Structure formats: structure tokens, C-alpha cells
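Read through the structure below, which is laid out as C-alpha cells, and then see the notes.
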Amino acid sequence: MTEPSPPPPLTDEQLSELSKLVPPLRHLGRVGLLGGSFNPPHIGHLLMAAAVYATEEIDHLWVIPTADHAFGKKLAPFVERARMCHVAFRHLAGGAAVLDLEARLPRAPGTPSYTVDTLRALHAIRPGIKPVWIAGSDIIADLPRWKEPQEVQRLCRLVIVPRRGYPADGLRLQVDLPLLSSTEIRDLIAEGKDVSGMVDYQVLRFIEERGLYRR
């Protein structure tokens, strides 16, 4: 399969508009980037963010919901997932910002969101950024399938957080996060089962009000 080509460089006008969506850099520009579908965000995501904050020297955390999944997974509408992220990560107060950047980046019609393109855009929007991309150990097997995986690792430092059921050997960060997945939560909601304790109570209220993930 042909590797997707990078999008054209952002114009000055695009950079100016996108800059309004991205917080200024703090201190030395070390930013933790927690990307994902957040379909929905759950307690494990919040604990992952807190664990990285406690063990890595980062100045700020930016939560970046995926606009369109690179592997074609069906997602709830972006605006709903972004709103749930705002609700879920409010517990980190001023320590986290939710960016709807991926929904605003210029892309050819039908092109999914790629981490490498998001990273390139962030480097262009905030020169001097020192990004730390945060991901669970479940992504290790899929990393070779990412668009330009070596470029991703050049543009950021990867911090892999252990997840139960996935290899954790050699990982510096050793935490025991709960065995949770958005897929499991969606399936339970679709079956009409209780997921309280798995997601923030206000996120759960939002899901119920919007009728998300029901069959």
C-alpha cells in the first residue's frame, strides 16, 4: 500500500487561525500530548494523564481527540467526543487543555487524521515545542502501521504507559492502570448495562442525554 503523502505546508493565514486554538508554550515548551479517539474518554485516560504528570517533566498537557480514525474505526461525532474530553479532564484544572486541532487541520476529502501530520502542524504553530506523545502499551503492536512511524518518533518523544494485557517489559513508567477500554464501555452501554465508575459521572450524564452508543 502506498504511504500517504504529507499535506502541503500550512500557509501564514492558516497558521494564524490555528494559532488561536493552541495554548502558548510554558516554561521550556515541554508539552504532554494525549491523543486518542476518546470514544468515550474514561477513568483510565484521566489516570494515565495524572501518572505522566507525576513522573515526567512536562509544563502542560494537551488532550487531542482524533478527528477521523486512521484505521477506519467508526467514531461518535467529533464535537461530542471533544465535549466529553472537556468534561472528563476538568479535574486537572489548569493543567490540561483540550484541542480540537485535528478537526481544523486542512486535509484532502476522505483523508483520516494522522499523528505525524498533527505533530508537524504543532511544530509549525508553536516553534520550540518539545512534545511528549502519551500512549498506552496497546499501541506498540500497531506502531509500524502508523503513517511515517519513524518521523513520529523524530518529532516527539514517546511515553508508553502500561496497560493490562499488553507487554510492559522495558517500560520506564510502571503504573497499574485499571483494565478499561472505550470499546468495552461502548459495548456495555449498547447492552443497557451500568458503566458508572468507568467514566466520569458528568461524561456518563452527557452520553445518556445524547443517547450515544445505544443500539
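Chain labels follow the order of the C-alpha cells: the first chain is A, the next B, and so on; residue numbering restarts at 1 in every chain, and ligands are counted from 1 in their shown order.
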
Enumerate, in order of chain and increasing residue number, the residues of region 42-92 of chain A with an atom no farther than 12 Å from region 139-154 of chain A, each with its shortest atom pair and distance in Å to one decimal, counting only C-alpha atoms, as a Markdown table.
```
| residue | atom | partner | partner_atom | distance |
| --- | --- | --- | --- | --- |
| A:His69 | CA | A:Trp146 | CA | 11.2 |
| A:Ala70 | CA | A:Trp146 | CA | 8.1 |
| A:Phe71 | CA | A:Trp146 | CA | 9.0 |
```

Exercise. Give me the residues within 10 Å of region 187-190 of chain A as a PyMOL selection string, counting only C-alpha atoms and dropping any in the same chain fewer than 2 places off.
Key: chain A and resi 182-185+192-195+204+207-208+211-215

Quiz item: If we count only C-alpha atoms, what is near region 101-103 of chain A at a cut-off of 6 Å, once residues fewer than 2 positions away on the same chain are taken out, given as a PyMOL selection string?
Solution: chain A and resi 67+99+105

Export of the given selection (C-alpha atoms) as an mmCIF file, in the first residue's frame:
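Output below, filename selection23.cif:
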```
data_model
loop_
_atom_site.group_PDB
_atom_site.id
_atom_site.type_symbol
_atom_site.label_atom_id
_atom_site.label_comp_id
_atom_site.auth_asym_id
_atom_site.auth_seq_id
_atom_site.Cartn_x
_atom_site.Cartn_y
_atom_site.Cartn_z
ATOM 1 C CA ALA A 67 -10.920 13.767 14.059
ATOM 2 C CA LEU A 99 -7.570 20.974 21.499
ATOM 3 C CA LEU A 105 -6.306 20.977 10.089
#
```

Using only C-alpha atoms, find each residue in region 120-202 of chain A having at least one atom no more than 6 Å away from region 30-47 of chain A; report its shortest atom-to-atom pair and that distance in Å (one decimal), rows by chain then rising number, as JSON lines.
```
{"residue": "A:Lys130", "atom": "CA", "partner": "A:Arg30", "partner_atom": "CA", "distance": 4.7}
{"residue": "A:Pro131", "atom": "CA", "partner": "A:Val31", "partner_atom": "CA", "distance": 4.9}
{"residue": "A:Val132", "atom": "CA", "partner": "A:Gly32", "partner_atom": "CA", "distance": 4.7}
{"residue": "A:Trp133", "atom": "CA", "partner": "A:Leu33", "partner_atom": "CA", "distance": 4.8}
{"residue": "A:Ile134", "atom": "CA", "partner": "A:Leu34", "partner_atom": "CA", "distance": 5.1}
{"residue": "A:Ser182", "atom": "CA", "partner": "A:Pro40", "partner_atom": "CA", "distance": 5.7}
{"residue": "A:Met198", "atom": "CA", "partner": "A:Ile43", "partner_atom": "CA", "distance": 5.7}
{"residue": "A:Val199", "atom": "CA", "partner": "A:His42", "partner_atom": "CA", "distance": 4.4}
```

Serialized selection, N, CA and C atoms, as an mmCIF file, in the first residue's frame:
```cif
data_model
loop_
_atom_site.group_PDB
_atom_site.id
_atom_site.type_symbol
_atom_site.label_atom_id
_atom_site.label_comp_id
_atom_site.auth_asym_id
_atom_site.auth_seq_id
_atom_site.Cartn_x
_atom_site.Cartn_y
_atom_site.Cartn_z
ATOM 1 N N LYS A 130 8.512 21.047 22.630
ATOM 2 C CA LYS A 130 9.189 19.776 22.907
ATOM 3 C C LYS A 130 8.100 18.771 23.297
ATOM 4 N N PRO A 131 7.466 18.154 22.306
ATOM 5 C CA PRO A 131 6.296 17.320 22.591
ATOM 6 C C PRO A 131 6.638 15.934 23.122
ATOM 7 N N VAL A 132 5.808 15.492 24.056
ATOM 8 C CA VAL A 132 5.879 14.142 24.595
ATOM 9 C C VAL A 132 4.543 13.477 24.281
ATOM 10 N N TRP A 133 4.550 12.501 23.382
ATOM 11 C CA TRP A 133 3.308 11.837 22.989
ATOM 12 C C TRP A 133 3.032 10.684 23.938
ATOM 13 N N ILE A 134 1.865 10.721 24.564
ATOM 14 C CA ILE A 134 1.499 9.745 25.593
ATOM 15 C C ILE A 134 0.558 8.703 24.989
ATOM 16 N N SER A 182 -12.411 1.879 25.848
ATOM 17 C CA SER A 182 -13.594 2.550 25.318
ATOM 18 C C SER A 182 -14.500 1.564 24.601
ATOM 19 N N MET A 198 -16.659 3.696 35.571
ATOM 20 C CA MET A 198 -15.719 3.549 34.455
ATOM 21 C C MET A 198 -15.468 4.882 33.751
ATOM 22 N N VAL A 199 -16.458 5.767 33.789
ATOM 23 C CA VAL A 199 -16.335 7.075 33.173
ATOM 24 C C VAL A 199 -16.738 8.138 34.194
#
```

Self-check item: Those of region 32-158 of chain A in DSSP strand (DSSP E or B), formatted as JSON, numbers by chain
Solution: {"A": [32, 33, 34, 35, 36, 60, 61, 62, 63, 64, 65, 96, 97, 98, 130, 131, 132, 133, 134, 135, 136, 157, 158]}

Next, the residues of the selection above should be written as a compact mmCIF listing (two decimals), in the first residue's frame with N, CA and C atoms.
```
# COMPACT_ATOMS: atom_id res chain seq x y z
N GLY A 32 2.99 17.56 27.18
CA GLY A 32 2.47 16.20 27.04
C GLY A 32 1.27 16.22 26.12
N LEU A 33 1.28 15.37 25.12
CA LEU A 33 0.19 15.29 24.15
C LEU A 33 -0.51 13.95 24.33
N LEU A 34 -1.75 14.00 24.77
CA LEU A 34 -2.53 12.78 24.97
C LEU A 34 -3.55 12.71 23.84
N GLY A 35 -3.20 11.96 22.81
CA GLY A 35 -4.09 11.82 21.66
C GLY A 35 -4.88 10.53 21.75
N GLY A 36 -6.00 10.50 21.05
CA GLY A 36 -6.81 9.29 21.04
C GLY A 36 -8.20 9.56 20.53
N HIS A 60 2.81 21.31 30.56
CA HIS A 60 1.37 21.39 30.28
C HIS A 60 0.96 20.10 29.60
N LEU A 61 -0.34 19.83 29.59
CA LEU A 61 -0.88 18.65 28.92
C LEU A 61 -1.96 19.09 27.94
N TRP A 62 -1.83 18.65 26.70
CA TRP A 62 -2.83 18.94 25.69
C TRP A 62 -3.51 17.64 25.28
N VAL A 63 -4.81 17.60 25.43
CA VAL A 63 -5.61 16.44 25.03
C VAL A 63 -6.09 16.68 23.61
N ILE A 64 -5.80 15.73 22.71
CA ILE A 64 -6.07 15.94 21.28
C ILE A 64 -6.97 14.81 20.75
N PRO A 65 -8.28 15.02 20.73
CA PRO A 65 -9.17 13.99 20.17
C PRO A 65 -8.92 13.80 18.67
N ALA A 96 -4.49 21.03 32.05
CA ALA A 96 -4.78 20.36 30.78
C ALA A 96 -5.65 21.26 29.91
N ALA A 97 -5.45 21.15 28.61
CA ALA A 97 -6.27 21.85 27.64
C ALA A 97 -6.71 20.85 26.58
N VAL A 98 -7.95 20.94 26.16
CA VAL A 98 -8.47 20.07 25.09
C VAL A 98 -8.42 20.86 23.79
N LYS A 130 8.51 21.05 22.63
CA LYS A 130 9.19 19.78 22.91
C LYS A 130 8.10 18.77 23.30
N PRO A 131 7.47 18.15 22.31
CA PRO A 131 6.30 17.32 22.59
C PRO A 131 6.64 15.93 23.12
N VAL A 132 5.81 15.49 24.06
CA VAL A 132 5.88 14.14 24.59
C VAL A 132 4.54 13.48 24.28
N TRP A 133 4.55 12.50 23.38
CA TRP A 133 3.31 11.84 22.99
C TRP A 133 3.03 10.68 23.94
N ILE A 134 1.87 10.72 24.56
CA ILE A 134 1.50 9.75 25.59
C ILE A 134 0.56 8.70 24.99
N ALA A 135 0.87 7.43 25.18
CA ALA A 135 0.02 6.38 24.63
C ALA A 135 0.10 5.15 25.51
N GLY A 136 -0.93 4.32 25.45
CA GLY A 136 -0.93 3.06 26.18
C GLY A 136 -0.11 2.01 25.45
N ARG A 157 8.84 12.74 21.64
CA ARG A 157 9.30 11.64 22.47
C ARG A 157 8.09 10.84 22.90
N LEU A 158 8.12 9.55 22.68
CA LEU A 158 7.01 8.69 23.04
C LEU A 158 7.13 8.24 24.49
```

For the structure I just gave you, how does DSSP split region 88-151 of chain A - specifically, which residues are helix (DSSP H, G or I)? Reply as a compact mmCIF listing (two decimals) with C-alpha atoms, in the first residue's frame.
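Result file part.txt:
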```
# COMPACT_ATOMS: atom_id res chain seq x y z
CA ALA A 88 -13.52 14.43 31.78
CA PHE A 89 -10.26 16.37 32.03
CA ARG A 90 -11.69 19.26 34.03
CA HIS A 91 -10.28 17.50 37.11
CA LEU A 92 -6.79 18.56 36.02
CA ALA A 93 -7.97 22.17 36.26
CA GLY A 94 -5.45 24.49 34.56
CA GLY A 95 -3.07 21.61 33.93
CA LEU A 101 -6.97 20.94 16.31
CA GLU A 102 -7.37 17.78 14.23
CA ALA A 103 -10.86 18.80 13.13
CA ARG A 104 -9.45 22.12 11.89
CA THR A 115 -0.41 11.67 14.25
CA VAL A 116 2.58 12.68 12.14
CA ASP A 117 0.59 15.45 10.42
CA THR A 118 -0.68 16.72 13.78
CA LEU A 119 2.88 16.81 15.11
CA ARG A 120 4.14 18.66 12.03
CA ALA A 121 1.37 21.22 12.46
CA LEU A 122 2.16 21.72 16.15
CA HIS A 123 5.84 22.29 15.39
CA ALA A 124 4.83 24.89 12.79
CA ILE A 125 2.28 26.59 15.04
CA SER A 137 1.18 -0.04 25.60
CA ASP A 138 -1.60 -1.44 23.40
CA ILE A 139 -0.32 0.81 20.57
CA LEU A 143 3.05 1.50 15.69
CA PRO A 144 4.64 0.09 12.50
CA ARG A 145 1.27 0.64 10.75
CA PRO A 149 6.31 5.93 12.34
CA GLN A 150 9.99 6.88 12.35
CA GLU A 151 9.11 10.52 11.65
```

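Distance annotation: of A:Gln14, A:Ile58, A:Leu21, A:Ser113, the residue with the minimal separation from Ile129 (chain A) is A:Ile58; atom set is only C-alpha atoms.
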